[in-house]
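Contents: one structure, followed by commentary.
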There are 2 protein chains.
Amino acid sequence: MPVSSLVRVACIQMEPRIGDVGANVAHSLSLIEKAADGGATLIVLPELANTGYVFETREEAFALAEEVPGGPTCAAWIEVAARRGLHIVAGITEREERSLYNSAVVIGPQGYIGTYRKVHLWGNEHLFFEPGNKGFPVFHTAIGRIGVAICYDGWFPETYRLQALQGADIICVSTNWVPIPGQVEGREAMANILAMAAAHSNSMYIACADRVGVERGQPFEGQSLILSYTGWPVAGPASRVDEEIVSAEIDLGAARRARNWNEFNQVLRDRRTDVYAEMLGSDIRRGAY
Amino acid sequence: MPVSSLVRVACIQMEPRIGDVGANVAHSLSLIEKAADGGATLIVLPELANTGYVFETREEAFALAEEVPGGPTCAAWIEVAARRGLHIVAGITEREERSLYNSAVVIGPQGYIGTYRKVHLWGNEHLFFEPGNKGFPVFHTAIGRIGVAICYDGWFPETYRLQALQGADIICVSTNWVPIPGQVEGREAMANILAMAAAHSNSMYIACADRVGVERGQPFEGQSLILSYTGWPVAGPASRVDEEIVSAEIDLGAARRARNWNEFNQVLRDRRTDVYAEMLGSDIRRGAY
């Protein structure tokens with residue numbers, strides 16, 4: 001009988017309220033409990049789920065940020081993870097001494113596992129956050145290898161590739177997708193398309209938890225979804241505007257097995273690093289265009 | 001008044017017949033003339049358009065292959081390009097001494113411009129062709145910077161990124177897409193999704209010319225399309241089974257202008273090469289998983 005690596009993943013699409021950390025964390029806990037009641041053991045929350053997203057000043061962001069994992073938000077998530085036997089990936093406004101990071105914390109039933117700090121900052125985030133300085137760590141856990149990305153990271157195929165090459169079974173994406181110029185009405189979000197392509201071309205699962213609502217005039221796009229290693233959704237996309245839990249049972253081992261596409265090809269091994277290295281070594285790596 | 005860089009691009013979705021080079025080239029010429037009659041000045045043909053795709057032996061492929069640009073197929077394409085004032089990107093079975101390549105030739109009104117040789121080989125191509133040894137050249141032409149990819153190259157975001165970083169305005173994809181495991185019926189081809197993601201995340205045009213038909217039991221997927229730098233189709237996808245010309249007028253300069261997404265972000269300049277380089281320099285570049 002083949003070894004099974006079944007996991008029920010849930011993406012919690014919720015609406016944080018800017019600045020109301022206590023209420024946001026309490027709300028996240030009630031949704032985490034609900035997802036656990038539905039059988040989920042791996043739960044993904046949106047970007048900056050504890051604070052909201054649209055800061056007006058760095059001082060505001062600084063006052064709301066907290067230490068990871070020492071702050072009260074992580075403590076609450078660590079408690080529920082232990083009590084319900086969960087793995088949680090959750091976006092959090094992180095402060096380390098006088099530096100701020102747009103981070104996602106990874107927590108397991110035994111406690112804090114690690115932190116990812118957003119590598120590619122978007123828009124006004126440049127005014128609040130330091131660029132991520134922990135690379136793209138892939139966390140080895142009891143249920144499999146978990147990678148993390150945050151929102152605009154998904155516009156960089158490098159984000160997914162560098163984690164797939166470390167053997168990630170699933171990338172958990174904490175995100176606050178905003179409307180994109182050129183989006184065709186009535187079609188899936190381009191953010192969904194990017195994630196589909198990444199799941200397929202790396203043969204790995206991707207679970208995206210987005211927020212909803214309008215905050216200080218900024219609308220968010222919802223449409224959270226869970227993608228198979230084939231690139232196609234196994235759950236979602238969720239509504240564009242409502243809170244919702246998107247959930248699916250997946251076999252993390254299946255991604256590893258299914259990577260051999262025929263007797264010649266395995267997409268991660270077919271990379272022509274000889275060609276890439278030569279080109280990346282030249283001036284073009286600066287992307288001057 | 002803004003400088004305009006308008007070009008009408010046409011992707012010729014056709015059905016080559018295995019081994020019948022004379023008929024295939026004649027057929028391509030009639031479709032090229034038709035596209036030119038419709039105003040096209042940049043024309044893309046499918047992969048291995050001169051020979052067909054499903055070889056039974058290397059000897060068969062070897063006998064059908066020809067020199068580039070010295071062979072009769074290139075001569076015919078060079079002639080029509082000169083007479084009609086065209087740029088043509090066309091898939092061709094190339095022989096250089098005793099080596100075979102799955103290539104695409106780039107031709108302009110003044111003649112031969114250059115050759116791209118498929119970097120990522122698929123399936124039985126490993127039995128016939130040498131892996132591409134010319135990197136990912138981007139050709140500077142009178143109408144703009146033209147990059148090239150062939151079929152399975154599109155499964156590697158590196159293909160697109162390395163050409164975008166050289167300033168490509170458009171990537172012409174000569175392809176013979178085959179059915180993919182996991183494809184959801186009634187949804188667009190995953191090959192289309194991959195190209196959409198690449199166009200959007202590099203902010204450049206992509207024009208994919210696929211073949212149709214069933215050859216020695218192997219079906220092909222059609223669905224040729226032309227994508228804006230937004231990632232959304234400006235023409236196609238074409239039928240899955242019929243020959244068809246897919247055509248759109250695009251402004252190559254618009255891709256260059258539209259890359260600044262806000263006062264902080266330009267996707268090609270936002271790459272965190274510091275992070276990538278460190279990770280690519282480690283053992284993971286071999287993709288052992």
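Ordered as shown in the structure tokens, chains take letters A, B, and onward, while each chain numbers its residues from 1 and ligands are numbered from 1 in the order shown.
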inquiry  = Set the cut-off to 8 Å and count only C-alpha atoms: what are the residues of chain B that reach chain A? Output as a PyMOL selection string.
reply    = chain B and resi 119-120+122-124+126+135+155-158+162+165-167+181-184+190+193-194+196-197+201+230-232+262-265+267-273+275-276+279-280+284-289
query = Tell me, which residues of range 64-196 of chain A carry DSSP alpha helix (DSSP H), written as a VMD selection string?
reply = chain A and resid 64 72 to 84 125 to 128 157 to 164 190 to 196
inquiry  = Just the number, please: distance in Å from CA of Ala209 in chain B to CA of Gly111 in chain B, one decimal.
reply    = 21.4 Å
Nearby residues (only C-alpha atoms) at most 6 Å from range 1-5 of chain B, same-chain spacing under 4 positions excluded, as an MDAnalysis selection string = chainID B and resid 251:253
request  = Go through range 74-288 of chain B and collect every residue that DSSP, computed from the backbone, puts in strand (DSSP E or B); the answer should be as a ChimeraX atom specification.
outcome  = /B:87-96,99-108,111-117,138-140,145-150,170-174,205-209,211,214-215,218-219,225-227,233-235,244-251,260,266
Spatial neighbours of Val80 in chain B, 9 Å, only C-alpha atoms, chain gap at least 3 places, as number ranges by chain = B: 29, 32-33, 75-77, 83-86, 109
Go ahead and save the picked residues with all heavy atoms, as a PDB file, in the first residue's frame.
ATOM      1  N   LEU B  29       3.992  28.843 -46.569  1.00  0.00           N
ATOM      2  CA  LEU B  29       4.101  30.056 -47.393  1.00  0.00           C
ATOM      3  C   LEU B  29       2.727  30.626 -47.720  1.00  0.00           C
ATOM      4  O   LEU B  29       2.522  31.841 -47.690  1.00  0.00           O
ATOM      5  CB  LEU B  29       4.873  29.762 -48.683  1.00  0.00           C
ATOM      6  CG  LEU B  29       6.363  29.440 -48.505  1.00  0.00           C
ATOM      7  CD1 LEU B  29       6.980  29.031 -49.848  1.00  0.00           C
ATOM      8  CD2 LEU B  29       7.129  30.622 -47.903  1.00  0.00           C
ATOM      9  N   ILE B  32       1.523  32.281 -44.613  1.00  0.00           N
ATOM     10  CA  ILE B  32       2.286  33.520 -44.380  1.00  0.00           C
ATOM     11  C   ILE B  32       1.757  34.631 -45.291  1.00  0.00           C
ATOM     12  O   ILE B  32       1.536  35.769 -44.850  1.00  0.00           O
ATOM     13  CB  ILE B  32       3.799  33.287 -44.615  1.00  0.00           C
ATOM     14  CG1 ILE B  32       4.382  32.422 -43.479  1.00  0.00           C
ATOM     15  CG2 ILE B  32       4.549  34.605 -44.721  1.00  0.00           C
ATOM     16  CD1 ILE B  32       5.795  31.881 -43.759  1.00  0.00           C
ATOM     17  N   GLU B  33       1.530  34.300 -46.557  1.00  0.00           N
ATOM     18  CA  GLU B  33       0.984  35.306 -47.491  1.00  0.00           C
ATOM     19  C   GLU B  33      -0.383  35.796 -47.015  1.00  0.00           C
ATOM     20  O   GLU B  33      -0.697  36.987 -47.079  1.00  0.00           O
ATOM     21  CB  GLU B  33       0.836  34.688 -48.895  1.00  0.00           C
ATOM     22  CG  GLU B  33       2.147  34.259 -49.545  1.00  0.00           C
ATOM     23  CD  GLU B  33       2.821  35.380 -50.363  1.00  0.00           C
ATOM     24  OE1 GLU B  33       2.390  36.547 -50.262  1.00  0.00           O
ATOM     25  OE2 GLU B  33       3.789  35.061 -51.092  1.00  0.00           O
ATOM     26  N   ALA B  75      15.501  29.311 -47.165  1.00  0.00           N
ATOM     27  CA  ALA B  75      15.537  30.104 -48.396  1.00  0.00           C
ATOM     28  C   ALA B  75      14.126  30.568 -48.769  1.00  0.00           C
ATOM     29  O   ALA B  75      13.915  31.732 -49.157  1.00  0.00           O
ATOM     30  CB  ALA B  75      16.158  29.290 -49.527  1.00  0.00           C
ATOM     31  N   ALA B  76      13.159  29.660 -48.631  1.00  0.00           N
ATOM     32  CA  ALA B  76      11.774  30.017 -48.981  1.00  0.00           C
ATOM     33  C   ALA B  76      11.234  31.080 -48.023  1.00  0.00           C
ATOM     34  O   ALA B  76      10.569  32.040 -48.443  1.00  0.00           O
ATOM     35  CB  ALA B  76      10.897  28.771 -48.943  1.00  0.00           C
ATOM     36  N   TRP B  77      11.507  30.919 -46.744  1.00  0.00           N
ATOM     37  CA  TRP B  77      11.009  31.901 -45.761  1.00  0.00           C
ATOM     38  C   TRP B  77      11.719  33.247 -45.921  1.00  0.00           C
ATOM     39  O   TRP B  77      11.106  34.300 -45.749  1.00  0.00           O
ATOM     40  CB  TRP B  77      11.179  31.348 -44.327  1.00  0.00           C
ATOM     41  CG  TRP B  77      10.233  30.210 -43.994  1.00  0.00           C
ATOM     42  CD1 TRP B  77       9.038  29.928 -44.590  1.00  0.00           C
ATOM     43  CD2 TRP B  77      10.417  29.211 -42.971  1.00  0.00           C
ATOM     44  NE1 TRP B  77       8.461  28.811 -44.004  1.00  0.00           N
ATOM     45  CE2 TRP B  77       9.276  28.355 -43.007  1.00  0.00           C
ATOM     46  CE3 TRP B  77      11.413  28.947 -42.027  1.00  0.00           C
ATOM     47  CZ2 TRP B  77       9.118  27.263 -42.140  1.00  0.00           C
ATOM     48  CZ3 TRP B  77      11.253  27.871 -41.160  1.00  0.00           C
ATOM     49  CH2 TRP B  77      10.117  27.034 -41.216  1.00  0.00           C
ATOM     50  N   ARG B  83      10.157  39.842 -49.775  1.00  0.00           N
ATOM     51  CA  ARG B  83       9.160  40.337 -50.735  1.00  0.00           C
ATOM     52  C   ARG B  83       8.010  41.073 -50.043  1.00  0.00           C
ATOM     53  O   ARG B  83       7.500  42.072 -50.541  1.00  0.00           O
ATOM     54  CB  ARG B  83       8.633  39.154 -51.550  1.00  0.00           C
ATOM     55  CG  ARG B  83       7.670  39.513 -52.674  1.00  0.00           C
ATOM     56  CD  ARG B  83       7.542  38.383 -53.711  1.00  0.00           C
ATOM     57  NE  ARG B  83       7.459  37.061 -53.100  1.00  0.00           N
ATOM     58  CZ  ARG B  83       6.352  36.559 -52.504  1.00  0.00           C
ATOM     59  NH1 ARG B  83       5.255  37.266 -52.472  1.00  0.00           N
ATOM     60  NH2 ARG B  83       6.378  35.341 -51.965  1.00  0.00           N
ATOM     61  N   ARG B  84       7.611  40.551 -48.827  1.00  0.00           N
ATOM     62  CA  ARG B  84       6.450  41.138 -48.141  1.00  0.00           C
ATOM     63  C   ARG B  84       6.845  42.052 -46.967  1.00  0.00           C
ATOM     64  O   ARG B  84       5.974  42.565 -46.277  1.00  0.00           O
ATOM     65  CB  ARG B  84       5.522  40.031 -47.632  1.00  0.00           C
ATOM     66  CG  ARG B  84       4.976  39.075 -48.709  1.00  0.00           C
ATOM     67  CD  ARG B  84       4.103  39.803 -49.741  1.00  0.00           C
ATOM     68  NE  ARG B  84       2.982  40.518 -49.180  1.00  0.00           N
ATOM     69  CZ  ARG B  84       1.713  40.077 -49.144  1.00  0.00           C
ATOM     70  NH1 ARG B  84       1.417  38.897 -49.654  1.00  0.00           N
ATOM     71  NH2 ARG B  84       0.746  40.813 -48.624  1.00  0.00           N
ATOM     72  N   GLY B  85       8.137  42.180 -46.717  1.00  0.00           N
ATOM     73  CA  GLY B  85       8.578  43.061 -45.623  1.00  0.00           C
ATOM     74  C   GLY B  85       8.249  42.511 -44.246  1.00  0.00           C
ATOM     75  O   GLY B  85       7.762  43.222 -43.364  1.00  0.00           O
ATOM     76  N   LEU B  86       8.529  41.229 -44.024  1.00  0.00           N
ATOM     77  CA  LEU B  86       8.107  40.548 -42.806  1.00  0.00           C
ATOM     78  C   LEU B  86       9.271  40.195 -41.889  1.00  0.00           C
ATOM     79  O   LEU B  86      10.393  39.969 -42.340  1.00  0.00           O
ATOM     80  CB  LEU B  86       7.406  39.220 -43.172  1.00  0.00           C
ATOM     81  CG  LEU B  86       6.247  39.293 -44.149  1.00  0.00           C
ATOM     82  CD1 LEU B  86       5.785  37.881 -44.511  1.00  0.00           C
ATOM     83  CD2 LEU B  86       5.107  40.107 -43.564  1.00  0.00           C
ATOM     84  N   PRO B 109      13.162  41.283 -43.084  1.00  0.00           N
ATOM     85  CA  PRO B 109      13.073  41.684 -44.499  1.00  0.00           C
ATOM     86  C   PRO B 109      14.439  41.701 -45.193  1.00  0.00           C
ATOM     87  O   PRO B 109      14.516  41.536 -46.406  1.00  0.00           O
ATOM     88  CB  PRO B 109      12.480  43.100 -44.428  1.00  0.00           C
ATOM     89  CG  PRO B 109      11.802  43.176 -43.106  1.00  0.00           C
ATOM     90  CD  PRO B 109      12.576  42.286 -42.188  1.00  0.00           C
TER      91      PRO B 109
END
task = Kindly give the distance, in Å, that separates CA of Arg240 in chain B and CA of Ala189 in chain B, rounded to a single decimal.
result = 9.4 Å
